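Data block for upload.txt (compact mmCIF, C-alpha atoms):
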```txt
# COMPACT_ATOMS: atom_id res chain seq x y z
CA MET R 1243 -87.27 15.17 245.71
CA GLU R 1244 -84.20 17.41 245.40
CA GLN R 1245 -84.08 19.48 242.19
CA THR R 1246 -80.86 19.16 240.21
CA ALA R 1247 -79.17 22.56 239.87
CA PHE R 1248 -78.05 23.12 236.29
CA CYS R 1249 -76.51 26.24 234.81
CA GLU R 1250 -79.14 27.85 232.59
CA ASP R 1251 -76.77 30.28 230.84
CA VAL R 1252 -76.09 28.01 227.86
CA PRO R 1253 -74.53 29.07 224.55
CA PRO R 1254 -77.05 29.99 221.83
CA MET R 1255 -76.41 26.88 219.71
CA TYR R 1256 -77.34 24.72 222.71
CA ARG R 1257 -80.82 26.18 222.79
CA ASN R 1258 -81.49 23.83 219.85
CA LYS R 1259 -82.55 20.40 221.07
CA TYR R 1260 -81.21 18.65 217.97
CA LEU R 1261 -78.01 18.98 215.96
CA ALA R 1262 -77.83 17.57 212.41
CA HIS R 1263 -74.94 15.10 212.31
CA SER R 1264 -72.65 15.47 209.26
CA LEU R 1265 -75.05 18.15 207.98
CA GLY R 1266 -77.92 15.68 208.37
CA GLY R 1267 -78.95 12.26 207.14
CA TYR R 1268 -80.73 11.97 203.83
CA ARG R 1269 -82.89 9.18 202.38
CA GLY R 1270 -81.87 6.91 205.24
CA LEU R 1271 -78.14 7.54 204.64
CA LYS R 1272 -75.67 9.14 207.05
CA TYR R 1273 -72.04 10.38 207.33
CA LEU R 1274 -72.73 12.38 204.19
CA ASN R 1275 -71.51 15.97 204.74
CA CYS R 1276 -73.23 16.65 201.42
CA GLU R 1277 -75.19 19.54 199.97
CA GLU R 1278 -78.44 17.58 199.60
CA GLY R 1279 -78.26 16.56 203.27
CA LEU R 1280 -77.75 20.17 204.35
CA LEU R 1281 -80.67 21.42 202.27
CA ASN R 1282 -82.88 18.62 203.58
CA SER R 1283 -81.94 19.52 207.16
CA LEU R 1284 -82.81 23.16 206.56
CA LEU R 1285 -86.10 22.01 205.05
CA HIS R 1286 -86.84 20.06 208.24
CA GLY R 1287 -86.21 22.90 210.64
CA HIS R 1288 -82.60 22.42 211.75
CA LYS R 1289 -80.71 25.50 212.90
CA TYR R 1290 -77.65 23.69 214.31
CA PHE R 1291 -75.32 21.53 212.22
CA GLU R 1292 -72.24 19.37 212.78
CA VAL R 1293 -69.79 19.21 209.89
CA ASP R 1294 -66.46 17.41 209.45
CA PHE R 1295 -63.42 19.29 208.13
CA LEU R 1296 -60.40 17.56 206.58
CA PHE R 1297 -57.30 18.80 204.76
CA THR R 1298 -56.64 17.64 201.21
CA GLU R 1299 -53.07 17.06 200.06
CA ASP R 1300 -53.03 20.48 198.37
CA GLY R 1301 -53.85 22.23 201.65
CA GLU R 1302 -57.56 22.90 201.08
CA LEU R 1303 -60.43 22.10 203.45
CA VAL R 1304 -63.34 19.88 202.45
CA CYS R 1305 -66.41 18.54 204.25
CA SER R 1306 -65.78 14.85 204.78
CA HIS R 1307 -65.31 12.02 207.27
CA GLY R 1308 -62.38 10.81 205.18
CA TRP R 1309 -61.49 8.82 202.09
CA ASN R 1310 -59.50 5.80 203.15
CA GLU R 1311 -61.09 2.48 202.28
CA GLU R 1312 -62.95 2.16 205.59
CA ASN R 1313 -64.34 5.70 205.48
CA CYS R 1314 -65.35 5.34 201.84
CA LYS R 1315 -67.41 2.30 202.78
CA LYS R 1316 -69.05 4.32 205.58
CA THR R 1317 -69.79 7.39 203.47
CA GLY R 1318 -70.71 5.68 200.20
CA MET R 1319 -67.82 7.08 198.17
CA PRO R 1320 -66.39 4.50 195.73
CA TYR R 1321 -62.80 3.94 196.88
CA LYS R 1322 -59.82 4.51 194.59
CA GLU R 1323 -56.13 4.05 195.39
CA GLU R 1324 -55.42 7.56 194.09
CA PHE R 1325 -57.34 8.92 197.11
CA ALA R 1326 -54.05 8.57 199.01
CA HIS R 1327 -53.17 11.86 197.28
CA MET R 1328 -56.60 13.49 197.46
CA THR R 1329 -56.81 17.06 196.21
CA ARG R 1330 -59.69 19.49 196.45
CA GLU R 1331 -60.42 19.18 192.73
CA MET R 1332 -60.41 15.37 192.91
CA PHE R 1333 -62.66 15.40 195.98
CA LEU R 1334 -65.27 17.63 194.36
CA GLN R 1335 -65.46 15.21 191.42
CA GLN R 1336 -66.51 12.38 193.78
CA LYS R 1337 -70.00 11.45 194.99
CA VAL R 1338 -71.19 10.07 198.33
CA HIS R 1339 -74.03 7.66 197.57
CA GLY R 1340 -74.38 9.63 194.34
CA LEU R 1341 -74.79 12.91 196.23
CA THR R 1342 -72.87 16.18 195.94
CA THR R 1343 -69.60 16.66 197.85
CA MET R 1344 -68.72 20.09 199.22
CA ASP R 1345 -65.61 22.00 200.15
CA VAL R 1346 -65.54 24.42 203.08
CA ARG R 1347 -65.57 27.43 200.79
CA ARG R 1348 -69.01 26.42 199.50
CA LEU R 1349 -70.20 25.64 203.03
CA TYR R 1350 -69.13 29.13 204.11
CA ARG R 1351 -71.56 30.63 201.60
CA TYR R 1352 -74.43 28.75 203.27
CA MET R 1353 -73.23 29.96 206.69
CA VAL R 1354 -73.44 33.54 205.44
CA MET R 1355 -76.77 32.96 203.65
CA PHE R 1356 -78.47 31.66 206.82
CA PRO R 1357 -77.47 34.01 209.66
CA ASP R 1358 -79.75 32.29 212.20
CA THR R 1359 -77.83 28.99 212.02
CA TYR R 1360 -75.05 27.57 214.23
CA TRP R 1361 -72.23 25.20 213.31
CA GLU R 1362 -70.21 22.63 215.24
CA LEU R 1363 -66.87 22.19 213.50
CA ASP R 1364 -65.58 18.64 213.97
CA LEU R 1365 -61.88 18.82 213.11
CA HIS R 1366 -61.16 15.29 214.35
CA THR R 1367 -58.04 14.62 216.43
CA LEU R 1368 -55.17 16.88 215.44
CA PRO R 1369 -51.61 17.27 216.74
CA LYS R 1370 -50.84 20.82 217.82
CA PRO R 1371 -48.98 21.90 214.61
CA THR R 1372 -51.86 20.67 212.41
CA ALA R 1373 -54.39 22.29 214.72
CA ILE R 1374 -52.59 25.60 214.24
CA ARG R 1375 -52.65 25.18 210.46
CA MET R 1376 -56.34 24.21 210.59
CA ALA R 1377 -57.28 27.33 212.55
CA GLU R 1378 -55.35 29.54 210.14
CA LYS R 1379 -57.10 27.97 207.14
CA ILE R 1380 -60.55 28.34 208.70
CA LEU R 1381 -59.92 32.03 209.32
CA GLU R 1382 -58.78 32.46 205.72
CA ILE R 1383 -61.83 30.71 204.22
CA PHE R 1384 -64.23 32.44 206.63
CA GLU R 1385 -62.64 35.78 205.69
CA HIS R 1386 -62.24 36.63 209.40
CA ASN R 1387 -66.00 37.21 209.32
CA GLU R 1388 -66.93 37.69 212.98
CA SER R 1389 -70.65 37.26 212.31
CA VAL R 1390 -69.89 33.70 211.14
CA LEU R 1391 -67.08 32.88 213.57
CA GLU R 1392 -69.23 33.75 216.59
CA ARG R 1393 -71.80 31.17 215.40
CA CYS R 1394 -69.21 28.38 215.33
CA LEU R 1395 -68.49 25.89 218.10
CA VAL R 1396 -65.12 24.18 217.64
CA GLN R 1397 -64.84 20.63 218.92
CA VAL R 1398 -61.46 19.64 220.35
CA ASN R 1399 -60.35 16.14 221.31
CA SER R 1400 -57.22 16.89 223.35
CA LYS R 1401 -55.60 19.60 225.42
CA ALA R 1402 -52.82 20.04 222.85
CA MET R 1403 -55.36 20.46 220.05
CA TYR R 1404 -57.17 23.14 222.03
CA ALA R 1405 -53.91 24.97 222.74
CA GLY R 1406 -52.96 24.94 219.06
CA ILE R 1407 -56.27 26.33 217.80
CA ASP R 1408 -56.60 28.89 220.56
CA SER R 1409 -53.06 30.20 219.93
CA VAL R 1410 -54.25 31.33 216.48
CA TYR R 1411 -57.72 32.60 217.32
CA HIS R 1412 -59.82 32.45 220.46
CA PHE R 1413 -63.13 31.05 219.30
CA LYS R 1414 -66.00 32.16 221.49
CA TYR R 1415 -67.32 28.62 221.80
CA TYR R 1416 -65.39 25.36 222.27
CA GLN R 1417 -66.59 21.85 223.02
CA TYR R 1418 -64.43 19.11 224.55
CA ASN R 1419 -65.15 15.63 223.20
CA ILE R 1420 -64.32 13.01 225.81
CA LYS R 1421 -64.55 10.23 223.17
CA ASN R 1422 -63.90 6.88 224.93
CA ALA R 1423 -62.02 8.32 227.93
CA ILE R 1424 -65.00 8.33 230.29
CA ASP R 1425 -62.63 7.41 233.14
CA LYS R 1426 -61.08 10.89 232.73
CA LEU R 1427 -64.40 12.72 232.83
CA ASP R 1428 -63.57 14.64 236.02
CA GLU R 1429 -60.19 15.70 234.61
CA TYR R 1430 -61.71 16.92 231.34
CA ILE R 1431 -64.50 18.76 233.15
CA GLN R 1432 -61.91 20.62 235.21
CA PHE R 1433 -59.82 21.42 232.12
CA SER R 1434 -62.92 22.75 230.36
CA VAL R 1435 -63.91 24.93 233.32
CA ASP R 1436 -60.35 26.27 233.73
CA ASN R 1437 -60.10 27.19 230.01
CA HIS R 1438 -63.61 28.61 229.59
CA ILE R 1439 -64.64 25.77 227.28
CA CYS R 1440 -68.41 25.97 227.35
CA ALA R 1441 -69.52 22.44 226.47
CA MET R 1442 -68.71 18.74 226.38
CA ALA R 1443 -69.66 15.98 223.94
CA MET R 1444 -70.46 12.54 225.31
CA LYS R 1445 -71.23 9.26 223.55
CA SER R 1446 -74.69 7.95 224.27
CA ALA R 1447 -73.11 4.76 225.64
CA PHE R 1448 -71.65 6.84 228.51
CA ALA R 1449 -74.59 9.20 228.95
CA THR R 1450 -75.84 7.93 232.30
CA LYS R 1451 -77.93 10.22 234.46
CA GLU R 1452 -75.00 10.54 236.86
CA ASN R 1453 -72.50 11.53 234.14
CA ILE R 1454 -74.90 14.02 232.59
CA GLU R 1455 -75.55 15.64 235.96
CA LYS R 1456 -71.81 15.85 236.65
CA VAL R 1457 -71.18 17.81 233.44
CA ARG R 1458 -74.20 20.09 233.84
CA LYS R 1459 -73.54 20.88 237.51
CA ALA R 1460 -70.08 22.11 236.48
CA GLY R 1461 -71.83 24.79 234.41
CA LEU R 1462 -71.09 23.15 231.06
CA ALA R 1463 -73.56 22.47 228.27
CA LEU R 1464 -73.76 18.87 227.07
CA LEU R 1465 -74.19 17.23 223.67
CA VAL R 1466 -75.05 13.52 223.54
CA PHE R 1467 -74.19 11.70 220.30
CA SER R 1468 -75.38 10.08 218.09
CA VAL R 1469 -79.02 9.16 218.77
CA ASP R 1470 -81.69 8.36 216.18
CA ASN R 1471 -84.32 6.91 218.49
CA TYR R 1472 -86.88 9.46 219.67
CA LEU R 1473 -87.59 7.89 223.07
CA GLU R 1474 -83.89 7.50 223.81
CA ALA R 1475 -83.27 11.13 222.86
CA GLN R 1476 -86.07 12.28 225.16
CA LYS R 1477 -84.51 10.32 228.03
CA TYR R 1478 -81.18 12.16 227.73
CA LEU R 1479 -82.97 15.50 227.46
CA ARG R 1480 -84.96 14.73 230.63
CA TRP R 1481 -81.72 13.89 232.43
CA GLY R 1482 -80.30 17.28 231.56
CA ALA R 1483 -78.55 17.02 228.19
CA ASN R 1484 -78.97 20.20 226.20
CA THR R 1485 -78.71 18.90 222.65
CA ILE R 1486 -78.90 15.56 220.87
CA CYS R 1487 -76.68 14.88 217.85
CA SER R 1488 -78.80 12.92 215.39
CA ASN R 1489 -78.80 11.76 211.80
CA PHE R 1490 -82.56 11.68 211.37
CA LEU R 1491 -84.37 13.30 214.30
CA THR R 1492 -85.37 16.90 213.63
CA PRO R 1493 -86.58 19.91 215.65
CA PHE R 1494 -90.12 18.85 214.82
CA ASP R 1495 -89.52 15.65 216.76
CA ALA R 1496 -88.55 17.81 219.73
CA GLY R 1497 -92.02 19.30 219.73
CA ASP R 1498 -90.76 22.81 219.05
CA LEU R 1499 -92.79 23.52 215.91
CA THR R 1500 -96.21 22.01 216.44
CA ALA R 1501 -98.65 24.87 215.92
CA PRO R 1502 -101.31 23.90 213.34
CA VAL R 1503 -100.98 24.94 209.71
CA LYS R 1504 -103.80 25.39 207.18
CA ILE R 1505 -103.19 23.80 203.77
CA VAL R 1506 -104.42 25.12 200.41
CA TYR R 1507 -103.85 23.45 197.01
CA ASN R 1508 -103.94 25.80 194.01
CA SER R 1509 -104.46 24.60 190.44
CA THR R 1510 -103.13 27.77 188.67
CA PRO R 1511 -105.39 29.54 186.11
CA LYS R 1512 -107.28 27.76 183.34
CA ALA R 1513 -106.96 24.32 184.92
CA LYS R 1514 -109.71 21.76 185.50
CA GLU R 1515 -110.57 20.15 188.81
CA HIS R 1516 -111.45 16.51 189.51
CA LEU R 1517 -112.33 16.94 193.16
CA SER R 1518 -116.04 17.80 193.27
CA ARG R 1519 -117.30 14.24 193.05
CA MET R 1520 -114.88 13.04 195.75
CA ILE R 1521 -116.02 15.87 198.02
CA GLN R 1522 -119.66 14.98 197.40
CA LYS R 1523 -118.96 11.35 198.31
CA ASN R 1524 -116.99 12.40 201.43
CA VAL R 1525 -113.85 10.80 200.05
CA LEU R 1526 -112.26 14.23 200.53
CA ARG R 1527 -113.30 16.56 203.30
CA GLY R 1528 -112.47 20.06 202.28
CA ASN R 1529 -113.75 23.08 200.38
CA LEU R 1530 -113.26 23.78 196.68
CA VAL R 1531 -113.40 27.41 195.58
CA ARG R 1532 -112.86 29.31 192.32
CA THR R 1533 -110.58 32.31 192.67
CA VAL R 1534 -110.89 35.66 190.92
CA LYS R 1535 -107.82 34.68 188.87
CA ASP R 1536 -109.66 31.67 187.40
CA SER R 1537 -107.84 29.01 189.38
CA TYR R 1538 -109.22 26.38 191.74
CA GLU R 1539 -108.23 26.14 195.37
CA TYR R 1540 -108.88 23.07 197.46
CA ILE R 1541 -108.72 23.97 201.15
CA GLU R 1542 -108.10 21.08 203.52
CA ASP R 1543 -110.77 20.70 206.18
CA VAL R 1544 -108.12 19.92 208.80
CA THR R 1545 -105.00 21.61 210.03
CA PHE R 1546 -101.76 19.76 210.63
CA ALA R 1547 -98.74 20.23 212.87
CA ALA R 1548 -95.39 20.67 211.17
CA ASP R 1549 -94.11 17.43 212.68
CA GLY R 1550 -93.31 15.41 209.56
CA THR R 1551 -96.54 13.42 209.52
CA TYR R 1552 -98.43 15.38 206.84
CA LYS R 1553 -98.29 13.91 203.34
CA LEU R 1554 -99.16 15.96 200.29
CA MET R 1555 -102.38 15.12 198.50
CA ALA R 1556 -102.22 13.46 195.12
CA ASN R 1557 -102.86 15.88 192.28
CA HIS R 1558 -106.50 16.12 191.18
CA PHE R 1559 -106.11 18.98 188.71
CA SER R 1560 -105.39 18.90 184.97
CA LYS R 1561 -104.35 21.53 182.47
CA GLY R 1562 -104.89 20.52 178.86
CA PHE R 1563 -102.01 18.41 177.54
CA ARG R 1564 -99.54 19.75 180.09
CA LYS R 1565 -97.94 17.32 182.50
CA PHE R 1566 -98.10 17.80 186.27
CA ALA R 1567 -94.57 18.41 187.60
CA GLY R 1568 -95.19 18.73 191.34
CA TRP R 1569 -96.16 21.28 193.99
CA GLU R 1570 -94.40 24.60 194.43
CA ILE R 1571 -94.70 26.07 197.92
CA ARG R 1572 -95.62 29.64 198.76
CA ARG R 1573 -96.82 31.74 201.68
CA ARG R 1574 -97.04 35.41 202.57
CA ASN R 1575 -94.12 37.00 204.41
CA ASP R 1576 -94.52 39.47 207.25
CA ALA R 1577 -94.79 42.31 204.71
CA GLY R 1578 -97.72 40.55 203.00
CA GLN R 1579 -95.71 39.61 199.89
CA TRP R 1580 -95.92 36.21 198.26
CA VAL R 1581 -92.67 34.30 198.80
CA TRP R 1582 -91.70 30.93 197.36
CA TYR R 1583 -89.70 28.17 199.02
CA CYS R 1584 -86.46 27.57 197.10
CA THR R 1585 -84.12 24.59 196.80
CA ASP R 1586 -81.48 26.37 198.89
CA GLY R 1587 -83.87 26.47 201.87
CA SER R 1588 -84.66 30.18 201.56
CA TRP R 1589 -87.90 32.06 200.87
CA ARG R 1590 -87.79 34.43 197.88
CA THR R 1591 -90.15 36.74 196.05
CA GLU R 1592 -90.62 36.27 192.31
CA GLY R 1593 -88.40 39.31 191.80
CA ASP R 1594 -85.60 37.77 193.90
CA ILE R 1595 -85.82 34.48 192.02
CA ALA R 1596 -85.79 35.93 188.50
CA GLY R 1597 -82.28 36.00 187.06
CA ASN R 1598 -80.51 35.40 190.39
CA GLY R 1599 -79.93 31.66 190.12
CA PHE R 1600 -82.58 30.59 192.65
CA THR R 1601 -84.92 27.68 191.91
CA LYS R 1602 -88.33 27.03 193.41
CA TYR R 1603 -88.56 23.80 195.37
CA CYS R 1604 -91.01 21.35 193.76
CA ALA R 1605 -92.55 18.76 196.07
CA ALA R 1606 -93.90 15.44 194.80
CA ASP R 1607 -97.30 13.85 195.40
CA GLY R 1608 -97.25 12.09 198.76
CA GLU R 1609 -94.11 13.86 199.98
CA ASN R 1610 -93.84 14.41 203.73
CA ILE R 1611 -93.87 18.10 204.59
CA ASN R 1612 -92.42 19.45 207.83
CA ILE R 1613 -90.76 22.69 206.84
CA SER R 1614 -89.78 25.36 209.37
CA LEU R 1615 -91.57 27.89 207.26
CA ILE R 1616 -94.66 28.98 209.04
CA ASN R 1617 -95.44 32.66 209.53
CA GLU R 1618 -98.09 34.21 211.74
CA GLU R 1619 -100.78 33.55 209.13
CA ARG R 1620 -100.04 29.82 209.50
CA LYS R 1621 -101.33 29.07 206.03
CA LEU R 1622 -99.34 27.24 203.38
CA PHE R 1623 -100.14 27.11 199.65
CA PHE R 1624 -99.12 24.27 197.35
CA VAL R 1625 -99.32 25.47 193.76
CA ALA R 1626 -99.46 22.98 190.89
CA ALA R 1627 -96.46 23.25 188.56
CA TRP R 1628 -97.01 22.26 184.92
CA ARG R 1629 -94.62 21.54 182.08
```
Could you render the structure as structure tokens?
Amino acid sequence: MEQTAFCEDVPPMYRNKYLAHSLGGYRGLKYLNCEEGLLNSLLHGHKYFEVDFLFTEDGELVCSHGWNEENCKKTGMPYKEEFAHMTREMFLQQKVHGLTTMDVRRLYRYMVMFPDTYWELDLHTLPKPTAIRMAEKILEIFEHNESVLERCLVQVNSKAMYAGIDSVYHFKYYQYNIKNAIDKLDEYIQFSVDNHICAMAMKSAFATKENIEKVRKAGLALLVFSVDNYLEAQKYLRWGANTICSNFLTPFDAGDLTAPVKIVYNSTPKAKEHLSRMIQKNVLRGNLVRTVKDSYEYIEDVTFAADGTYKLMANHFSKGFRKFAGWEIRRRNDAGQWVWYCTDGSWRTEGDIAGNGFTKYCAADGENINISLINEERKLFFVAAWR
């Protein structure tokens, strides 16, 4: 059988099999572009994110699909007639399904904070004058920071839109979205090749094997959107798509982060354990040890793959009259220091956390854990938090 010849020199963001749509779905919700969704996506291993940019009436950029009545219904933002004159301040006072809205200035801080991430900027369909204004505003907010700009892929939906943006600044990476114009696929492929646009975006409804091969044989990378079914996503990847835009599938579903991880539960000092009897009766299969710092550690007798299937054990420790608050997560970094997983998706030492506004992430009993956090030691500690 003849082997399909695809260009292997793909842009760095396309080496990620999954892209988090609208910064990622959260609690079964999508089209969020919210801070909680972004943090959840980081927690679940994403390195590549799609985000929607829109102008407010006062000329600022916010992360949103829109705020007309139809879009509010889609995003979970309670609609108000005053949204016809939406300002940045008004937008940031709103909630999407009760979650936190963001402007692009706040997003930029995350882009700087996580230098190993990539970002698809969905600017929607813009006439050339607005595209020019959009590019100028992005450069202003991003402070002409080349280390961020070179990690951005700008999606364009028309030739005029591309011309407008590129007249202001030549982004290293562009993606042409063919939208519903599949009958013009050949024309758009040629335009992309002629203008050094590196990638195309194709709706899953049009992502036949033939269409995928046509794009890839032209030397372009391909994104298929939006797919939340694992088997369907695998089909498009087999046919040659580089990346799948998804609300809920994560890099763990792509099989990229499956090496086993050893789990240890720590009680903290001067706590009591209620595990011995369950271990004796084979209800739990693990080892219970007393540490030199007078805490108990329960070491799971099995390892797990960071694929989203591991659920945290229920707490079986107690500490006087203090109430169990959840599990804080720590591991050793490459320098051998203890680092703690924080709510912003970063790992910090105690010294970094103290007084710098960082907060340790606290996981609940039974919470699914599939964090892209594993170091060479491949051991993860869940430490009981008490209040």
Using all atoms listed in the file, which residue out of R:Leu1391, R:Leu1285, R:Leu1530, R:Leu1427 lies closest to Lys1414 in chain R?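 For Lys1414 in chain R, the nearest of the given residues is R:Leu1391.
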Excluding Asn1437 in chain R and any residue of its chain fewer than 5 positions from it, enumerate the residues within 12 Å of it, using all atoms listed in the file, and give them as a PyMOL selection string. chain R and resi 1401+1404-1405+1408+1412-1418+1430-1432+1462
CA of Gly1270 in chain R to CA of Asn1313 in chain R, straight-line distance in Å: 17.6 Å
Would you kindly return, as a PyMOL selection string, each protein, DNA or RNA residue with an atom no farther than 9 Å from any atom of Leu1517 in chain R, considering all atoms listed in the file and excluding same-chain residues fewer than 4 positions away? chain R and resi 1521-1522+1526+1530+1540+1558-1559
I'd like the interatomic distance between CA of Leu1280 in chain R and CA of Trp1580 in chain R, to a tenth of an Å. 25.0 Å
Name the residues in contact with range 1351-1356 of chain R at a cut-off of 12 Å, using all atoms listed in the file, excluding same-chain residues fewer than 5 positions from it; report them as a short mmCIF file (atom, residue, chain, number, x, y, z; two decimals) with C-alpha atoms, in the coordinates of the input.
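selection-v2.cif, freshly written:
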```cif
data_model
loop_
_atom_site.label_atom_id
_atom_site.label_comp_id
_atom_site.auth_asym_id
_atom_site.auth_seq_id
_atom_site.Cartn_x
_atom_site.Cartn_y
_atom_site.Cartn_z
CA LEU R 1265 -75.05 18.15 207.98
CA GLU R 1277 -75.19 19.54 199.97
CA LEU R 1280 -77.75 20.17 204.35
CA LEU R 1281 -80.67 21.42 202.27
CA LEU R 1284 -82.81 23.16 206.56
CA HIS R 1288 -82.60 22.42 211.75
CA LYS R 1289 -80.71 25.50 212.90
CA TYR R 1290 -77.65 23.69 214.31
CA PHE R 1291 -75.32 21.53 212.22
CA VAL R 1293 -69.79 19.21 209.89
CA MET R 1344 -68.72 20.09 199.22
CA ASP R 1345 -65.61 22.00 200.15
CA VAL R 1346 -65.54 24.42 203.08
CA TRP R 1361 -72.23 25.20 213.31
CA GLU R 1362 -70.21 22.63 215.24
CA ILE R 1383 -61.83 30.71 204.22
CA PHE R 1384 -64.23 32.44 206.63
CA GLU R 1385 -62.64 35.78 205.69
CA ASN R 1387 -66.00 37.21 209.32
CA GLU R 1388 -66.93 37.69 212.98
CA SER R 1389 -70.65 37.26 212.31
CA VAL R 1390 -69.89 33.70 211.14
CA LEU R 1391 -67.08 32.88 213.57
CA GLU R 1392 -69.23 33.75 216.59
CA ARG R 1393 -71.80 31.17 215.40
CA CYS R 1394 -69.21 28.38 215.33
CA ASP R 1586 -81.48 26.37 198.89
CA GLY R 1587 -83.87 26.47 201.87
CA SER R 1588 -84.66 30.18 201.56
CA TRP R 1589 -87.90 32.06 200.87
#
```
Using all atoms listed in the file, which residue out of R:His1386, R:Val1457, R:Phe1563, R:Met1520 lies closest to Cys1440 in chain R?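 So, comparing all the options, the nearest one is R:Val1457.
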